[in-house]
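As structure tokens, the structure follows; a few thoughts come after it.
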Amino acid sequence: MRTMRFALLAFVLALAAAPASAQVPAAQATKVADAAIGRLRSPFCPGLMLEVCPSGPAEALRDTIRMMAARGMPAGAIVEDVLARHGEQWRAVPRRSGAGLWAWVLPPAVLLLGLAFIWRRMRKMRGEGREAAVAGAAPLSAAERAELDAALRDFDRAGAA
């Protein structure tokens, strides 16, 4: 009988300790919650991230996220849970798969294509400049030379005045 009571007491203590073992340290829970909050836009303040939205419902959602993190949920699972309840449009960082992959691939590709276009255009312009300089190297006639000298004298007088 005494052994049975001891076993029952041990069982009750184990059950009482189970919720405490499911808790994660406060510092770790804060990091997980902050990571999840940082990956969400606010469903209550259009255009703002959840972490800076001043509304009351946003504060309640942040508290819910902190409680989920304290219960041991990872940041990714918390984000997916919030998005399941509020909608995919509140994801701040696009997925790296499916249609969200375009958001990761397209901007660098457009940037590289733009740089390549500018580089080729500048090379072409340099080539045209050399051709124009070579074409313009023909000797001046006496009339053109006299006109150029007169223009240079007028320029020098205007600069001296």
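In the structure tokens, chains take the letters A, B, ... in the order shown, each chain's residues start at 1, and ligands count up from 1 in the order shown.
Residues of region 18-156 of chain A assigned to strand (DSSP E or B) by DSSP on this structure's backbone: Leu40, Arg41, Met49 and Arg91 of chain A.
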key: Selection: 8 Å around region 89-98 of chain A, only C-alpha atoms, excl. self and same-chain fewer than 6 positions, as an NGL selection string   = :A and (38-43 or 49 or 83 or 104)
ask   = Looking only at the backbone, which of the residues in region 5-161 of chain A does DSSP tag as alpha helix (DSSP H), as a PyMOL selection string?
value = chain A and resi 5-22+26-38+56-70+75-86+101-135+142-160
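Contact shell of Asp34 (chain A) at 10 Å (only C-alpha atoms; same-chain neighbours under 5 positions omitted): Gln28, Ala29, Arg39, Glu51, Arg62, Ile65, Arg66, Ala69 and Ala75 of chain A.
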request  = With a distance cut-off of 12 Å and only C-alpha atoms, select the neighbouring residues of Gly56 (chain A), excluding the residue or stretch itself and same-chain residues fewer than 3 positions from it, and output the selection as a ChimeraX atom specification.
outcome  = /A:42-45,50,52-53,59-63
task = Excluding Gly76 (chain A) and any residue of its chain fewer than 3 positions from it, enumerate the residues within 9 Å of it, using only C-alpha atoms, and give them as a count of residues only.
result = 6
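For the atom pair formed by CA of Met67 (chain A) and CA of Ser55 (chain A), the distance is 18.7 Å, given to one decimal.
Distance annotation: of A:Gly100, A:Arg85, A:Thr30, A:Pro46, the residue with the minimal separation from Met68 (chain A) is A:Thr30; atom set is only C-alpha atoms.
Atom pair CA of Pro25 (chain A) / CA of His86 (chain A): separated by 28.1 Å.
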inquiry  = Please report the interatomic distance between CA of Ala70 (chain A) and CA of Val82 (chain A) in Å with one decimal.
reply    = 15.7 Å
